[in-house]
Amino acid sequence: MVRRYVFGTPIETDAVINKPEASKGAAPYVEKNGDVLLYDMQPGDIVYGLGENVRGINKRGWIYVSNCSDDPNHQEDTKSLYGAHNFIIVSGEDSRPFGLFLDTPDKIVFDIGYTVNSRMTISMDSGSYELYVIEAESLEGIVKEFRQMIGMPFLPPKWAFGFGQSRWSYRTSEEVREVVRQYRSSHIPIDSIYLDIDYMERYKDFTIDRERFPDFEKLVEELKEQGIHLVPIIDGGVKIEEGYEVYEEGVRNRYFCKDENGEDFVVGVWPGRCHFPDMLNDEARKWFGGKYKYLLDKGIDGFWNDMNEPAIFYSERRLRMVFDKIEEYRTMNLDVKTFFEFKDLVASLEKNPEDYRSFYHNYRGQSIRHDRVHNLFGYYMTRSAGEAFEELEPEKRILMFSRSSYIGMHRYGGVWTGDNKSWWSHLLMNLKMLPSLNMCGFLYSGADIGGFGSDATEDLVLRWLALGIFVPLMRNHAADGTRRQEAYAFGNTEAFAEIIGLRYRLLPYLYSEFMKAALKNEMYARPLGFVWPGDSIARRVEDQLMIGESIMIAPVYEQNAAGRVVYLPEPMKMLRFAKGDVTEEKVLPAGHHFVEIPLEEVVLFIRRGHILPLASGGERVGDIDWNDLKLYHFAGPGALYELYDDDGISRRVELEKNLRRLVL
Ligand code: GLC
């Protein structure tokens with residue numbers, strides 16, 4: 001059951017598409033104290049949710065701020081990441097679980113036992129918000145109710161479940177061809193190559209640098225013949241440049257965000273000075289979405305939307321202030337106070353909160369200051385593309401994922417979890433975020449495999465891939481200037497081919513589980529506590545996941561580890577893959593086990609009574625033979641697996657019609 005409470009005059013976010021009638025009276029579970037909601041946590045309570053955030057699957061013990069932020073160096077003490085996902089579930093040891101969704105586009109602080117260990121306080125920036133209280137018998141039931149309310153997630157095309165290679169940047173057509181050649185000649189499966197900002201002319205959205213990509217259209221075609229999709233990036237800011245159509249149209253039609261004087265607001269991002277399209281303005285959003293046609297017409301069928309928190313390097317106004325101030329420091333004797341002020345001055349240009357309070361949107365006929373709707377920008381940028389795709393490509397699924405997001409955006413695209421590092425801790429964080437994002441509707445998600453910033457090592461990339469093969473969005477991406485981390489870059493191509501190859505063997509199962517989860521409002525990746533809520537050990541497991549109904553994963557996330565301890569809530573069958581094939585099948589009893597997992601191997605665990613269909617593999621999704629599946633299982637005769645399959649591209653999908661019964 002869902003109850004909705006309205007406080008003040010909330011700004012509509014369009015997160016929820018099936019709204020229940022508003023309830024009167026006080027909301028259950030939480031105590032309202034001004035603009036703060038309070039809940040006293042019991043020692044056994046686990047708090048799930050909050051989508052993209054640091055720390056555990058259990059969010060207790062930290063403070064999280066919903067305020068979409070670009071933070072490539074995030075660590076344990078980070079409070080805000082790229083998305084704002086205000087949904088939590090409280091799971092008591094003996095009490096009924098309940099869920100809370102706070103729907104407001106401005107900042108929210110979730111203090112989950114940070115200030116007072118046993119107390120949760122949720123503070124809203126403004127007194128206007130909607131609170132949804134969700135009750136069901138089970139944790140999964142709560143997710144289901146919530147997801148019914150927010151609508152079905154975005155469905156990517158099937159090829160987008162293949163492996164993708166990215167780097168900032170592959171700078172020329174030739175470089176792209178070379179990456180493909182390396183993959184194909186090493187027989188490492190791959191389905192997509194990503195184009196980062198350097199494919200554009202001077203970082204202008206919807207342009208192509210013809211010096212570096214003179215044959216762009218031919219490249220798209222040629223790669224398609226090899227089963228490879230090119231996926232270009234689109235950024236949130238539009239370069240100010242005379243003669244650039246997108247800029248000129250935006251100015252002419254008043255489609256850009258305004259400053260307090262009604263002038264187009266000027267910020268610096270990759271191209272230098274830019275304007276932000278007013279993604280919240282219906283007309284501007286339609287216009288910006290229409291621009292994707294430029295690339296669709298060239299055969300492009302997938303995009304990633306970036307810098308849409310939106311990221312600000314500087315505002316024109318602050319830049320001027322800082323330069324003036326620097327002049328003052330020039331003649332000073334910089335001391336303990338002034339030296340640090342001086343040092344921080346230039347850093348204060350980036351993501352300055354004051355800048356986010358200095359521009360305006362025209363949202364449904366009202367001028368609204370940006371900070372009040374900040375968390376919607378990435379959502380509405382991606383919505384602009386999603387709505388345009390529905391018109392421009394009514395039959396076809398187009399790949400789309402975004403860096404910034406708010407709940408509701410999950411209907412238009414997936415997310416990648418932004419800039420991370422080649423750190424072992426970020427590998428584990430990738431695992432932990434996955435179920436939390438699923439709860440919030442983001443099924444198609446993933447992190448930059450191998451890490452974006454810093455130099456990756458071969459073992460990190462292999463271990464990360466061994467997790468990545470189970471993650472819907474499986475993409476290796478790295479920052480400019482870092483060590484190469486393509487699957488062929490470390491020489492040991494065989495191991496990489498085998499691990500990535502396993503993804504392609506698992507793909508019928510993974511796709512089937514993903515699609516069923518999307519169509520039935522369920523989760524694709526579950527914490528063990530969702531499946532075994534009565535098992536006090538399983539509830540606390542933070543480094544294993546159920547992937548779909550049949551398998552549990554327990555990846556290695558520590559350097560130089562020979563294996564790891566795995567907890568089995570019940571007997572399971574372990575499958576070991578070495579050299580791309582099953583080399584060991586062994587039933588393990590419930591309890592803790594140390595499982596050896598050499599660097600080049602993958603293990604997974606089949607749940608009792610369940611089946612894992614495995615294909616023979618392929619070097620691209622299109623090669624996989626869905627009719628030649630071998631059934632691995634931990635079940636007796638008559639056991640059944642319902643395999644979902646479809647053509648992988650049409651928007652119209654029907655669950656029942658596309659299910660095939662695989663019986664032992
Ligand atoms: C941002 C993105 C990253 C991309 C870079 C250059 O940092 O998060 O993925 O490579 O911009 O476009």
# chains A, B, ... in the order shown; residues from 1 in each chain; ligands from 1

$ residues_near_ligand --ligand "ligand 1" --cutoff "6 Å" --atoms "only C-alpha atoms and all ligand atoms" --output "PyMOL selection string"
chain A and resi 168+196-197+418-419+479

$ write_last_selection --atoms "N, CA, C and O atoms" --output "PDB file, in the first residue's frame"
ATOM      1  N   TRP A 168      38.558   8.421 -22.959  1.00  0.00           N
ATOM      2  CA  TRP A 168      38.603   9.850 -23.267  1.00  0.00           C
ATOM      3  C   TRP A 168      39.995  10.139 -23.789  1.00  0.00           C
ATOM      4  O   TRP A 168      40.917  10.238 -23.019  1.00  0.00           O
ATOM      5  N   ASP A 196      34.161   9.909 -27.034  1.00  0.00           N
ATOM      6  CA  ASP A 196      34.158  10.962 -26.028  1.00  0.00           C
ATOM      7  C   ASP A 196      34.275  12.322 -26.734  1.00  0.00           C
ATOM      8  O   ASP A 196      34.278  12.387 -27.967  1.00  0.00           O
ATOM      9  N   ILE A 197      34.400  13.384 -25.960  1.00  0.00           N
ATOM     10  CA  ILE A 197      34.211  14.745 -26.492  1.00  0.00           C
ATOM     11  C   ILE A 197      35.029  15.127 -27.724  1.00  0.00           C
ATOM     12  O   ILE A 197      34.653  16.044 -28.430  1.00  0.00           O
ATOM     13  N   GLY A 418      29.249   7.752 -13.074  1.00  0.00           N
ATOM     14  CA  GLY A 418      30.122   8.918 -13.126  1.00  0.00           C
ATOM     15  C   GLY A 418      31.585   8.560 -12.994  1.00  0.00           C
ATOM     16  O   GLY A 418      31.978   7.397 -13.097  1.00  0.00           O
ATOM     17  N   ASP A 419      32.380   9.587 -12.786  1.00  0.00           N
ATOM     18  CA  ASP A 419      33.828   9.371 -12.725  1.00  0.00           C
ATOM     19  C   ASP A 419      34.195   8.653 -11.435  1.00  0.00           C
ATOM     20  O   ASP A 419      33.841   9.097 -10.342  1.00  0.00           O
ATOM     21  N   ALA A 479      40.124   7.863 -18.183  1.00  0.00           N
ATOM     22  CA  ALA A 479      40.351   9.286 -18.423  1.00  0.00           C
ATOM     23  C   ALA A 479      41.571   9.500 -19.297  1.00  0.00           C
ATOM     24  O   ALA A 479      42.479   8.668 -19.360  1.00  0.00           O
TER      25      ALA A 479
END

$ residues_around --residues "Phe401 (chain A)" --least-positions-apart "5" --cutoff "9 Å" --atoms "only C-alpha atoms" --output "PyMOL selection string"
chain A and resi 302-306+382+412-416+444-445

$ atom_distance --atom1 "CA of Arg364 (chain A)" --atom2 "CA of Lys293 (chain A)"
25.3 Å

$ closest_residue --among "A:Tyr488, A:Tyr170, A:Tyr244, A:Phe87" --to "Arg184 (chain A)" --atoms "only C-alpha atoms"
A:Tyr488

$ closest_residue --among "A:Leu334, A:Ile233, A:Met552, A:Val266" --to "Phe206 (chain A)" --atoms "only C-alpha atoms"
A:Ile233

$ closest_atom_pairs --of "region 439-495 of chain A" --to "region 528-547 of chain A" --cutoff "12 Å" --atoms "only C-alpha atoms" --output "Markdown table"
| residue | atom | partner | partner_atom | distance |
| --- | --- | --- | --- | --- |
| A:Met439 | CA | A:Phe530 | CA | 11.1 |
| A:Leu443 | CA | A:Ile547 | CA | 11.8 |
| A:Leu467 | CA | A:Gln544 | CA | 10.3 |
| A:Gly468 | CA | A:Ile547 | CA | 12.0 |
| A:Ile469 | CA | A:Ile547 | CA | 11.0 |
| A:Phe470 | CA | A:Ile547 | CA | 7.3 |
| A:Val471 | CA | A:Ile547 | CA | 8.9 |
| A:Pro472 | CA | A:Ile547 | CA | 10.4 |

$ write_last_selection --atoms "N, CA and C atoms" --output "compact mmCIF listing (two decimals), in the first residue's frame"
# COMPACT_ATOMS: atom_id res chain seq x y z
N MET A 439 16.58 -0.60 -6.89
CA MET A 439 15.40 -0.26 -6.08
C MET A 439 14.75 1.00 -6.61
N LEU A 443 17.70 0.11 -13.66
CA LEU A 443 18.17 -1.26 -13.88
C LEU A 443 19.38 -1.25 -14.80
N LEU A 467 33.41 -8.88 -12.11
CA LEU A 467 32.13 -8.36 -11.60
C LEU A 467 31.30 -7.82 -12.76
N GLY A 468 31.97 -7.08 -13.64
CA GLY A 468 31.29 -6.38 -14.74
C GLY A 468 30.48 -7.30 -15.64
N ILE A 469 30.90 -8.56 -15.75
CA ILE A 469 30.14 -9.45 -16.65
C ILE A 469 28.71 -9.67 -16.15
N PHE A 470 28.45 -9.33 -14.90
CA PHE A 470 27.08 -9.50 -14.36
C PHE A 470 26.31 -8.18 -14.32
N VAL A 471 26.98 -7.09 -14.67
CA VAL A 471 26.38 -5.75 -14.56
C VAL A 471 25.78 -5.37 -15.92
N PRO A 472 24.53 -4.90 -15.94
CA PRO A 472 23.89 -4.64 -17.24
C PRO A 472 24.71 -3.74 -18.17

$ atom_distance --atom1 "CA of Tyr48 (chain A)" --atom2 "CA of Tyr29 (chain A)"
15.8 Å

$ closest_residue --among "A:Gln559, A:Arg397, A:Thr115, A:Pro598" --to "Arg576 (chain A)" --atoms "only C-alpha atoms"
A:Pro598

$ residues_around --residues "Tyr132 (chain A)" --least-positions-apart "3" --cutoff "8 Å" --atoms "only C-alpha atoms" --output "list in words"
Val2, Arg3, Arg4, Tyr5, Gly99, Leu100, Phe101, Leu102 and Asp103 of chain A

$ closest_residue --among "A:Val133, A:Val322, A:Cys68, A:Ala561" --to "Asp371 (chain A)" --atoms "only C-alpha atoms"
A:Cys68
